[in-house]
$ cat run_11.tsv   # TSV, C-alpha atoms and all ligand atoms
chain	number	residue	atom	x	y	z
A	15	MET	CA	0.00	0.00	0.00
A	16	LYS	CA	1.12	3.56	-0.75
A	17	SER	CA	2.35	5.51	2.29
A	18	ALA	CA	0.00	8.05	3.84
A	19	TYR	CA	1.18	11.53	4.78
A	20	ILE	CA	-0.97	12.83	7.63
A	21	LEU	CA	-0.91	16.43	8.83
A	22	GLY	CA	-1.99	16.68	12.48
A	23	ILE	CA	-3.24	19.91	14.04
A	24	GLU	CA	-3.61	20.41	17.81
A	25	SER	CA	-5.02	23.56	19.41
A	26	SER	CA	-7.10	22.37	22.36
A	27	CYS	CA	-5.49	24.52	25.08
A	28	ASP	CA	-2.41	26.75	25.05
A	29	ASP	CA	-0.09	24.94	22.62
A	30	THR	CA	-0.43	25.46	18.87
A	31	SER	CA	1.05	22.40	17.22
A	32	ALA	CA	1.31	20.82	13.77
A	33	ALA	CA	2.99	17.54	12.87
A	34	VAL	CA	3.50	15.38	9.81
A	35	LEU	CA	3.65	11.59	9.92
A	36	LYS	CA	4.48	9.22	7.09
A	37	ASP	CA	2.19	6.37	8.17
A	38	ARG	CA	3.22	6.08	11.84
A	39	SER	CA	6.70	7.57	11.38
A	40	LEU	CA	7.37	11.05	12.65
A	41	LEU	CA	8.60	13.54	10.08
A	42	SER	CA	7.99	16.73	12.09
A	43	ASN	CA	6.31	17.94	15.28
A	44	VAL	CA	6.29	21.72	15.76
A	45	ILE	CA	4.91	23.19	19.00
A	46	ALA	CA	4.42	26.89	19.73
A	47	SER	CA	3.82	27.20	23.48
A	48	GLN	CA	2.03	30.37	24.52
A	49	LYS	CA	4.08	32.29	27.07
A	50	ILE	CA	1.44	35.01	27.54
A	51	HIS	CA	-0.43	33.02	30.22
A	52	LYS	CA	2.51	33.14	32.64
A	53	ALA	CA	1.61	36.67	33.70
A	54	TYR	CA	-1.90	35.51	34.71
A	55	GLY	CA	-0.98	32.34	36.61
A	56	GLY	CA	-3.07	30.13	34.33
A	57	VAL	CA	-4.50	29.83	30.82
A	58	VAL	CA	-6.72	32.77	29.80
A	59	PRO	CA	-9.06	31.27	27.15
A	60	GLU	CA	-9.55	34.44	25.09
A	61	LEU	CA	-5.78	35.07	24.93
A	62	ALA	CA	-5.20	31.42	24.00
A	63	SER	CA	-7.57	31.68	21.01
A	64	ARG	CA	-5.91	34.87	19.82
A	65	ALA	CA	-2.44	33.33	20.08
A	66	HIS	CA	-3.61	30.23	18.15
A	67	GLU	CA	-4.86	32.57	15.39
A	68	GLN	CA	-1.40	34.13	15.16
A	69	ASN	CA	0.54	30.87	15.41
A	70	ILE	CA	-1.36	28.42	13.30
A	71	VAL	CA	-0.20	29.44	9.81
A	72	PRO	CA	3.55	29.63	10.63
A	73	VAL	CA	3.39	26.44	12.73
A	74	VAL	CA	1.76	24.40	9.94
A	75	ASP	CA	4.16	25.91	7.41
A	76	GLN	CA	7.13	24.97	9.60
A	77	ALA	CA	5.83	21.41	10.11
A	78	LEU	CA	5.57	20.87	6.35
A	79	LYS	CA	9.03	22.37	5.77
A	80	GLN	CA	10.67	20.25	8.46
A	81	ALA	CA	8.95	17.15	7.05
A	82	GLY	CA	10.38	18.01	3.65
A	83	ILE	CA	7.06	17.74	1.88
A	84	SER	CA	4.65	20.11	0.18
A	85	LYS	CA	0.98	20.39	1.13
A	86	LYS	CA	0.15	18.69	-2.20
A	87	ASP	CA	1.80	15.49	-0.90
A	88	LEU	CA	-0.63	15.22	2.04
A	89	SER	CA	-3.10	12.33	2.19
A	90	ALA	CA	-5.37	13.69	4.96
A	91	ILE	CA	-5.69	16.33	7.66
A	92	ALA	CA	-6.34	15.26	11.24
A	93	PHE	CA	-7.28	17.75	13.93
A	94	THR	CA	-8.38	17.87	17.57
A	95	LEU	CA	-12.15	18.25	17.79
A	96	GLY	CA	-12.27	18.09	21.62
A	97	PRO	CA	-12.21	18.14	24.55
A	98	GLY	CA	-10.59	21.49	25.27
A	99	LEU	CA	-11.21	25.21	25.34
A	100	MET	CA	-13.93	26.06	22.83
A	101	GLY	CA	-12.25	29.16	21.35
A	102	SER	CA	-8.93	27.33	21.01
A	103	LEU	CA	-10.53	24.29	19.39
A	104	LEU	CA	-12.40	26.50	16.94
A	105	VAL	CA	-9.14	27.90	15.57
A	106	GLY	CA	-7.63	24.47	14.79
A	107	THR	CA	-10.94	23.05	13.56
A	108	SER	CA	-11.65	25.97	11.21
A	109	PHE	CA	-8.10	25.95	9.88
A	110	ALA	CA	-8.18	22.18	9.26
A	111	LYS	CA	-11.52	22.46	7.46
A	112	GLY	CA	-10.34	25.34	5.29
A	113	LEU	CA	-7.13	23.55	4.31
A	114	ALA	CA	-8.91	20.25	3.63
A	115	LEU	CA	-11.43	22.06	1.44
A	116	ALA	CA	-8.75	23.96	-0.47
A	117	LEU	CA	-6.65	20.83	-1.06
A	118	ASN	CA	-9.61	18.50	-1.53
A	119	LEU	CA	-8.34	16.17	1.22
A	120	PRO	CA	-10.20	13.95	3.68
A	121	LEU	CA	-10.71	15.48	7.11
A	122	ILE	CA	-10.29	13.39	10.28
A	123	GLN	CA	-11.38	14.40	13.76
A	124	VAL	CA	-9.38	13.05	16.70
A	125	ASN	CA	-10.28	13.03	20.38
A	126	HIS	CA	-7.51	14.82	22.31
A	127	LEU	CA	-7.48	12.23	25.11
A	128	GLN	CA	-7.30	9.30	22.69
A	129	GLY	CA	-4.44	11.19	21.06
A	130	HIS	CA	-2.51	11.24	24.37
A	131	VAL	CA	-2.93	7.45	24.65
A	132	LEU	CA	-2.04	6.86	20.98
A	133	ALA	CA	1.20	8.83	21.38
A	134	HIS	CA	2.65	5.42	22.31
A	135	PHE	CA	2.19	4.27	18.71
A	136	ILE	CA	4.24	7.03	17.05
A	137	GLN	CA	7.45	5.67	15.54
A	138	VAL	CA	10.56	7.80	15.78
A	139	GLU	CA	13.51	6.87	13.57
A	140	GLY	CA	16.48	5.72	15.63
A	141	LYS	CA	14.36	5.44	18.78
A	142	GLU	CA	12.31	2.36	17.92
A	143	LYS	CA	10.46	0.81	20.87
A	144	PRO	CA	7.82	-1.89	21.15
A	145	ASP	CA	4.14	-0.90	20.97
A	146	PRO	CA	2.05	-1.60	24.07
A	147	ASN	CA	0.18	-4.93	23.88
A	148	PHE	CA	-3.61	-4.88	24.22
A	149	PRO	CA	-5.34	-4.62	26.55
A	150	PHE	CA	-3.29	-2.14	28.54
A	151	ILE	CA	-4.03	0.43	31.23
A	152	CYS	CA	-3.00	4.00	30.54
A	153	LEU	CA	-2.71	6.55	33.33
A	154	LEU	CA	-3.51	9.78	31.50
A	155	VAL	CA	-2.51	12.75	33.60
A	156	SER	CA	-2.46	16.34	32.36
A	157	GLY	CA	-3.47	19.85	33.34
A	158	GLY	CA	-7.10	19.17	32.54
A	159	ASN	CA	-7.48	15.42	33.03
A	160	SER	CA	-6.59	12.57	35.36
A	161	GLN	CA	-7.94	9.29	34.11
A	162	LEU	CA	-7.32	5.59	34.07
A	163	VAL	CA	-8.06	4.33	30.59
A	164	LEU	CA	-8.51	0.68	29.66
A	165	VAL	CA	-7.21	0.47	26.10
A	166	HIS	CA	-8.74	-2.47	24.22
A	167	SER	CA	-7.35	-1.42	20.83
A	168	VAL	CA	-6.27	1.74	19.01
A	169	ARG	CA	-9.95	2.32	18.31
A	170	GLU	CA	-11.61	1.20	21.53
A	171	MET	CA	-10.87	2.81	24.88
A	172	GLU	CA	-12.81	2.90	28.13
A	173	ILE	CA	-12.45	5.28	31.08
A	174	ILE	CA	-12.34	3.11	34.21
A	175	GLY	CA	-11.50	5.90	36.67
A	176	GLN	CA	-11.24	9.66	36.59
A	177	THR	CA	-10.93	12.68	38.79
A	178	ILE	CA	-14.13	13.86	40.41
A	179	ASP	CA	-12.75	17.41	40.76
A	180	ASP	CA	-9.29	18.77	39.87
A	181	ALA	CA	-6.70	17.13	37.62
A	182	ALA	CA	-3.23	16.16	38.90
A	183	GLY	CA	-1.61	18.86	36.75
A	184	GLU	CA	-3.97	21.42	38.23
A	185	ALA	CA	-2.86	20.35	41.73
A	186	PHE	CA	0.78	20.88	40.70
A	187	ASP	CA	0.01	24.24	39.08
A	188	LYS	CA	-2.29	25.67	41.79
A	189	CYS	CA	-0.08	24.57	44.69
A	190	GLY	CA	2.94	25.93	42.79
A	191	LYS	CA	1.17	29.26	42.47
A	192	MET	CA	0.75	29.30	46.27
A	193	LEU	CA	4.53	28.84	46.47
A	194	GLY	CA	5.04	31.83	44.17
A	195	LEU	CA	6.02	29.74	41.13
A	196	ASP	CA	5.11	30.71	37.57
A	197	TYR	CA	2.51	28.85	35.49
A	198	PRO	CA	2.85	25.98	34.67
A	199	ALA	CA	4.42	25.07	37.99
A	200	GLY	CA	4.61	21.28	37.43
A	201	PRO	CA	8.07	21.20	35.79
A	202	GLN	CA	9.49	23.66	38.37
A	203	ILE	CA	8.14	21.61	41.30
A	204	ASP	CA	9.71	18.53	39.69
A	205	ARG	CA	13.09	20.33	39.55
A	206	LEU	CA	12.90	21.81	43.06
A	207	ALA	CA	11.77	18.46	44.51
A	208	THR	CA	15.10	16.86	43.59
A	209	SER	CA	16.81	18.78	46.42
A	210	GLY	CA	13.97	18.41	48.95
A	211	ASN	CA	12.84	15.81	51.48
A	212	PRO	CA	9.62	14.06	50.36
A	213	ALA	CA	8.82	13.09	53.96
A	214	ALA	CA	9.22	16.62	55.40
A	215	PHE	CA	5.49	17.43	55.28
A	216	ARG	CA	2.30	15.36	55.17
A	217	PHE	CA	-0.75	16.48	53.22
A	218	SER	CA	-4.19	14.92	53.14
A	219	LYS	CA	-4.92	12.09	50.73
A	220	PRO	CA	-8.43	11.43	49.41
A	221	GLN	CA	-10.49	8.42	50.47
A	222	ILE	CA	-12.45	7.86	47.26
A	223	PRO	CA	-13.82	4.36	46.58
A	224	GLY	CA	-13.14	2.57	43.28
A	225	LEU	CA	-10.74	3.92	40.70
A	226	ASP	CA	-11.66	7.61	40.79
A	227	TYR	CA	-9.31	10.38	41.81
A	228	SER	CA	-9.70	13.62	43.73
A	229	PHE	CA	-7.15	16.40	44.19
A	230	SER	CA	-9.17	19.30	45.60
A	231	GLY	CA	-8.68	18.17	49.24
A	232	LEU	CA	-4.91	18.08	48.77
A	233	LYS	CA	-4.97	21.63	47.40
A	234	THR	CA	-6.91	22.83	50.44
A	235	SER	CA	-4.66	20.95	52.86
A	236	PHE	CA	-1.60	22.50	51.19
A	237	LEU	CA	-3.11	25.99	51.39
A	238	TYR	CA	-4.04	25.66	55.08
A	239	ARG	CA	-0.59	24.34	55.99
A	240	LEU	CA	1.08	27.31	54.26
A	241	ARG	CA	-1.36	29.75	55.88
A	242	ASP	CA	-0.75	28.35	59.40
A	243	GLU	CA	3.03	28.21	59.02
A	244	MET	CA	3.24	31.69	57.49
A	245	ALA	CA	1.29	33.08	60.46
A	246	VAL	CA	4.26	32.25	62.70
A	247	ASN	CA	7.11	32.51	60.19
A	248	LYS	CA	6.84	34.97	57.32
A	249	THR	CA	9.70	33.34	55.41
A	250	PHE	CA	8.35	29.77	55.79
A	251	ILE	CA	7.83	29.22	52.05
A	252	ARG	CA	11.25	30.58	51.13
A	253	ASP	CA	12.92	28.53	53.89
A	254	HIS	CA	11.22	25.26	52.94
A	255	ARG	CA	10.47	25.56	49.20
A	256	ALA	CA	12.35	22.40	48.13
A	257	ASP	CA	10.88	20.27	50.97
A	258	LEU	CA	7.38	21.57	50.21
A	259	CYS	CA	7.83	20.68	46.52
A	260	ALA	CA	9.23	17.23	47.29
A	261	SER	CA	6.43	16.46	49.79
A	262	LEU	CA	3.70	17.75	47.48
A	263	GLN	CA	5.06	15.75	44.55
A	264	ALA	CA	5.37	12.60	46.67
A	265	THR	CA	1.72	12.97	47.78
A	266	ILE	CA	0.42	13.45	44.21
A	267	VAL	CA	2.49	10.49	42.99
A	268	ASP	CA	1.19	8.30	45.86
A	269	ILE	CA	-2.41	9.20	45.04
A	270	LEU	CA	-1.87	8.40	41.34
A	271	MET	CA	-0.01	5.15	42.03
A	272	ASP	CA	-2.54	3.78	44.56
A	273	LYS	CA	-5.32	3.68	41.94
A	274	LEU	CA	-3.03	2.53	39.14
A	275	ILE	CA	-1.94	-0.43	41.29
A	276	LYS	CA	-5.56	-1.15	42.20
A	277	ALA	CA	-6.65	-1.03	38.53
A	278	SER	CA	-3.86	-3.40	37.51
A	279	LYS	CA	-4.80	-5.83	40.31
A	280	ASP	CA	-8.59	-5.63	39.75
A	281	LEU	CA	-8.31	-6.18	35.98
A	282	ASN	CA	-5.27	-8.45	36.15
A	283	ILE	CA	-3.48	-6.36	33.53
A	284	LYS	CA	0.27	-5.85	33.82
A	285	GLU	CA	0.78	-3.84	30.64
A	286	ILE	CA	0.90	-0.23	31.86
A	287	ALA	CA	1.41	3.09	30.07
A	288	LEU	CA	1.63	6.73	31.14
A	289	SER	CA	0.63	9.75	29.10
A	290	GLY	CA	-0.21	13.47	29.35
A	291	GLY	CA	1.83	16.43	30.60
A	292	VAL	CA	2.24	15.12	34.17
A	293	SER	CA	3.72	11.87	32.82
A	294	ALA	CA	6.91	13.92	32.35
A	295	ASN	CA	7.23	14.06	36.14
A	296	SER	CA	10.42	12.33	37.24
A	297	GLY	CA	8.93	11.21	40.58
A	298	LEU	CA	5.98	9.56	38.85
A	299	ARG	CA	8.24	7.85	36.31
A	300	ARG	CA	10.49	6.56	39.09
A	301	ALA	CA	7.51	5.26	41.08
A	302	VAL	CA	6.14	3.41	38.04
A	303	GLU	CA	9.56	1.88	37.33
A	304	GLU	CA	9.92	0.72	40.94
A	305	ILE	CA	6.44	-0.82	41.13
A	306	ALA	CA	6.94	-2.42	37.71
A	307	LEU	CA	9.92	-4.34	39.10
A	308	LEU	CA	7.94	-5.49	42.13
A	309	LYS	CA	4.75	-6.45	40.28
A	310	GLY	CA	6.18	-7.66	36.99
A	311	TRP	CA	4.58	-4.89	34.93
A	312	THR	CA	5.65	-4.10	31.38
A	313	ILE	CA	5.71	-0.32	31.26
A	314	HIS	CA	5.56	2.25	28.48
A	315	LEU	CA	6.79	5.74	29.35
A	316	PRO	CA	6.34	8.28	26.54
A	317	PRO	CA	9.32	10.29	25.27
A	318	LEU	CA	9.20	13.72	26.95
A	319	SER	CA	8.35	15.43	23.64
A	320	PHE	CA	5.07	13.47	23.49
A	321	THR	CA	3.96	14.06	27.09
A	322	THR	CA	2.60	17.61	26.78
A	323	ASP	CA	0.12	18.59	24.07
A	324	ASN	CA	1.48	17.91	20.59
A	325	ALA	CA	0.11	17.32	17.11
A	326	ALA	CA	2.08	14.12	16.45
A	327	MET	CA	-0.34	12.26	18.74
A	328	ILE	CA	-3.27	13.72	16.77
A	329	ALA	CA	-1.65	12.70	13.48
A	330	VAL	CA	-1.18	9.10	14.63
A	331	GLY	CA	-4.84	8.99	15.74
A	332	GLY	CA	-5.63	10.34	12.27
A	333	TYR	CA	-3.51	7.64	10.64
A	334	TYR	CA	-5.56	4.82	12.19
A	335	LYS	CA	-8.81	6.50	11.16
A	336	PHE	CA	-7.36	7.05	7.67
A	337	LEU	CA	-6.85	3.28	7.39
A	338	ASP	CA	-10.53	2.81	8.33
A	339	ARG	CA	-11.60	5.64	5.99
A	340	ASP	CA	-13.26	7.13	9.06
A	341	PHE	CA	-13.54	10.72	7.83
A	342	CYS	CA	-15.65	13.59	9.14
A	343	GLY	CA	-17.69	16.23	7.40
A	344	MET	CA	-17.45	20.01	7.31
A	345	ASP	CA	-20.20	20.09	9.95
A	346	ALA	CA	-17.94	18.55	12.65
A	347	ALA	CA	-18.38	20.81	15.70
A	348	PRO	CA	-15.83	21.07	18.54
A	349	TYR	CA	-16.83	19.90	22.02
A	350	SER	CA	-15.32	21.11	25.27
A	351	ARG	CA	-16.23	18.32	27.70
A	352	VAL	CA	-14.31	15.20	28.71
A	353	GLY	CA	-14.95	11.93	26.90
A	354	ILE	CA	-12.81	9.35	25.16
B	401	LIG	O1	-0.89	17.55	28.57
B	401	LIG	P1	-0.62	18.97	28.85
B	401	LIG	O2	0.41	19.68	28.03
B	401	LIG	O3	-1.87	19.88	28.70
B	401	LIG	C1	-3.16	19.56	29.05
B	401	LIG	O4	-3.85	18.95	28.21
B	401	LIG	O5	-3.51	19.91	30.18
B	401	LIG	O6	-0.24	19.07	30.41
B	401	LIG	C2	0.14	20.25	31.04
B	401	LIG	C3	0.29	19.94	32.51
B	401	LIG	C4	0.51	21.19	33.37
B	401	LIG	O7	-0.37	21.11	34.47
B	401	LIG	C5	1.97	21.04	33.80
B	401	LIG	O8	2.25	21.65	35.06
B	401	LIG	C6	2.12	19.55	33.88
B	401	LIG	O9	1.41	19.07	32.75
B	401	LIG	N1	3.52	19.11	33.82
B	401	LIG	C7	4.17	18.55	34.85
B	401	LIG	C8	5.50	18.30	34.42
B	401	LIG	N2	5.61	18.72	33.12
B	401	LIG	C9	4.38	19.21	32.78
B	401	LIG	N3	3.76	18.24	36.08
B	401	LIG	C10	4.64	17.68	36.92
B	401	LIG	N4	5.92	17.43	36.58
B	401	LIG	C11	6.40	17.71	35.36
B	401	LIG	N5	7.67	17.45	35.04
$ encode --input "run_11.tsv" --output "structure tokens"
Amino acid sequence: MKSAYILGIESSCDDTSAAVLKDRSLLSNVIASQKIHKAYGGVVPELASRAHEQNIVPVVDQALKQAGISKKDLSAIAFTLGPGLMGSLLVGTSFAKGLALALNLPLIQVNHLQGHVLAHFIQVEGKEKPDPNFPFICLLVSGGNSQLVLVHSVREMEIIGQTIDDAAGEAFDKCGKMLGLDYPAGPQIDRLATSGNPAAFRFSKPQIPGLDYSFSGLKTSFLYRLRDEMAVNKTFIRDHRADLCASLQATIVDILMDKLIKASKDLNIKEIALSGGVSANSGLRRAVEEIALLKGWTIHLPPLSFTTDNAAMIAVGGYYKFLDRDFCGMDAAPYSRVGI
């Protein structure tokens, strides 16, 4: 069969990204991260949409150039239809539709969360690694989502647990903000934690039955601890920043691991994958590696470039739908809410 060249477009939150795959092989993956949100301590939806508008043409152009192909070589255009911020999604969706119409190419809609899971099926030259075997459990942790996904195939996925309030990334970012760190605080907490003591402070852990998560109680417990300590020592945060980061990270990792271990035991599945922005966290990766040795898990940790939002994961989702000729029409409308 002739190779397929898939252009992927991702614009669900604050990263404008375009990627080109030749079948499952990565040719380019360009990401323009929006720095403007730093000043506001979180993503401002209206500013995100405006930045996508500015970025999308140069990002797509760059992705085609880096791939060494022209837009006439493309076989299909895949884009994120949801979930995400409505204004952001509209930019990518409208652009994908316009380009598909102009080039007379099939249009493929990809679910952002499925994209995160499918990132494990992207092939990178010189970094070949085995695909996960089905069924596997994927812990999908990002700024907007914390879910346990049972992956039956590249086309069939089931959410078996999810957060009932905040996402793990949100817990990192909001607690980091309390510590005076810039948005997104996750990577900075990860760095600071390396020189801190993870057992220095204890924060509350949720008691949620089943496989669901909750992080809002931890956020409150962190806030109250800082408030009480600061009342007696004004420099408490500055004096204990690394220990606070290490203890916070250890608590989030424990919460994530408890349910992942439970899911693996309940379903008797030892094939485990991580995905999403928080899967870049070194503490989480270490914990998964340690438990894998103890429990005999086969683990799949994504390359760091595929952890945060990227269009390569959307393109690979598009590739599988291209094989099925599962195309969408010009009436495809973005959706903001979670679903897989
Ligand atoms: O997947 P992603 O790029 O966007 C969403 O779809 O949300 O994830 C972004 C999230 C942010 O909350 C960020 O703080 C977190 O991933 N993150 C990390 C790390 N790198 C990114 N959290 C903890 N440790 C990291 N190393």
$ residues_near_ligand --input "run_11.tsv" --ligand "ligand LIG 401 (chain B)" --cutoff "7 Å" --atoms "all atoms listed in the file" --output "PDB file with C-alpha atoms, keeping the file's coordinate frame"
ATOM      1  CA  CYS A  27      -5.490  24.520  25.080  1.00  0.00           C
ATOM      2  CA  SER A 156      -2.460  16.340  32.360  1.00  0.00           C
ATOM      3  CA  GLY A 157      -3.470  19.850  33.340  1.00  0.00           C
ATOM      4  CA  GLY A 158      -7.100  19.170  32.540  1.00  0.00           C
ATOM      5  CA  ASN A 159      -7.480  15.420  33.030  1.00  0.00           C
ATOM      6  CA  GLY A 183      -1.610  18.860  36.750  1.00  0.00           C
ATOM      7  CA  GLU A 184      -3.970  21.420  38.230  1.00  0.00           C
ATOM      8  CA  PHE A 186       0.780  20.880  40.700  1.00  0.00           C
ATOM      9  CA  ASP A 187       0.010  24.240  39.080  1.00  0.00           C
ATOM     10  CA  PRO A 198       2.850  25.980  34.670  1.00  0.00           C
ATOM     11  CA  ALA A 199       4.420  25.070  37.990  1.00  0.00           C
ATOM     12  CA  GLY A 200       4.610  21.280  37.430  1.00  0.00           C
ATOM     13  CA  PRO A 201       8.070  21.200  35.790  1.00  0.00           C
ATOM     14  CA  ILE A 203       8.140  21.610  41.300  1.00  0.00           C
ATOM     15  CA  ASP A 204       9.710  18.530  39.690  1.00  0.00           C
ATOM     16  CA  GLY A 290      -0.210  13.470  29.350  1.00  0.00           C
ATOM     17  CA  GLY A 291       1.830  16.430  30.600  1.00  0.00           C
ATOM     18  CA  VAL A 292       2.240  15.120  34.170  1.00  0.00           C
ATOM     19  CA  SER A 293       3.720  11.870  32.820  1.00  0.00           C
ATOM     20  CA  ALA A 294       6.910  13.920  32.350  1.00  0.00           C
ATOM     21  CA  ASN A 295       7.230  14.060  36.140  1.00  0.00           C
ATOM     22  CA  SER A 296      10.420  12.330  37.240  1.00  0.00           C
ATOM     23  CA  THR A 321       3.960  14.060  27.090  1.00  0.00           C
ATOM     24  CA  THR A 322       2.600  17.610  26.780  1.00  0.00           C
ATOM     25  CA  ASP A 323       0.120  18.590  24.070  1.00  0.00           C
TER      26      ASP A 323
END
$ residues_near_point --input "run_11.tsv" --point "(-1.8, -0.8, 37.5)" --cutoff "7 Å" --atoms "only C-alpha atoms" --output "PyMOL selection string"
chain A and resi 151+274-279+284+286
$ atom_distance --input "run_11.tsv" --atom1 "CA of Leu262 in chain A" --atom2 "CA of Gln176 in chain A"
20.2 Å
$ closest_residue --input "run_11.tsv" --among "A:Leu99, A:Leu121, A:Cys259, A:Ala110" --to "Ala32 in chain A" --atoms "all atoms listed in the file"
A:Ala110
$ closest_residue --input "run_11.tsv" --among "A:Ala62, A:Ile20, A:Leu258, A:Ala207" --to "Leu104 in chain A" --atoms "all atoms listed in the file"
A:Ala62
$ residues_near_point --input "run_11.tsv" --point "(1.5, 4.9, 11.7)" --cutoff "6 Å" --atoms "only C-alpha atoms" --output "CSV table (one decimal) with C-alpha atoms, in the frame of the given file"
chain,number,residue,atom,x,y,z
A,37,ASP,CA,2.2,6.4,8.2
A,38,ARG,CA,3.2,6.1,11.8
A,39,SER,CA,6.7,7.6,11.4
A,330,VAL,CA,-1.2,9.1,14.6
A,333,TYR,CA,-3.5,7.6,10.6
$ closest_residue --input "run_11.tsv" --among "A:His130, A:Gly297, A:Ile328, A:Asp340" --to "Glu24 in chain A" --atoms "only C-alpha atoms"
A:Ile328
$ closest_residue --input "run_11.tsv" --among "A:Leu21, A:Val131, A:Ile136, A:Ile174" --to "Lys86 in chain A" --atoms "all atoms listed in the file"
A:Leu21
$ atom_distance --input "run_11.tsv" --atom1 "CA of Ser228 in chain A" --atom2 "CA of Ile269 in chain A"
8.6 Å
$ atom_distance --input "run_11.tsv" --atom1 "CA of Cys152 in chain A" --atom2 "CA of Val267 in chain A"
15.1 Å
$ closest_residue --input "run_11.tsv" --among "A:Ala53, A:Leu88, A:Leu308, A:Ala133" --to "Gly331 in chain A" --atoms "all atoms listed in the file"
A:Ala133
$ closest_residue --input "run_11.tsv" --among "A:Ile178, A:Ala256, A:Leu103, A:Leu164" --to "Gln202 in chain A" --atoms "all atoms listed in the file"
A:Ala256
$ axis_aligned_box --input "run_11.tsv" --around "range 237-254 of chain A" --padding-each-side "3 Å" --output "AutoDock Vina command-line options"
--center_x 4.4 --center_y 29.7 --center_z 56.9 --size_x 23.0 --size_y 16.6 --size_z 17.6
$ residues_around --input "run_11.tsv" --residues "Phe217 in chain A" --least-positions-apart "5" --cutoff "7 Å" --atoms "only C-alpha atoms" --output "MDAnalysis selection string"
chainID A and resid 232 235:236 265
$ write_last_selection --input "run_11.tsv" --atoms "C-alpha atoms" --output "mmCIF file, in the coordinates of the input"
data_model
loop_
_atom_site.group_PDB
_atom_site.id
_atom_site.type_symbol
_atom_site.label_atom_id
_atom_site.label_comp_id
_atom_site.auth_asym_id
_atom_site.auth_seq_id
_atom_site.Cartn_x
_atom_site.Cartn_y
_atom_site.Cartn_z
ATOM 1 C CA LEU A 232 -4.910 18.080 48.770
ATOM 2 C CA SER A 235 -4.660 20.950 52.860
ATOM 3 C CA PHE A 236 -1.600 22.500 51.190
ATOM 4 C CA THR A 265 1.720 12.970 47.780
#
$ residues_around --input "run_11.tsv" --residues "Thr234 in chain A" --least-positions-apart "2" --cutoff "12 Å" --atoms "all atoms listed in the file" --output "number ranges by chain"
A: 180, 185, 188-189, 192, 217-220, 228-232, 236-241
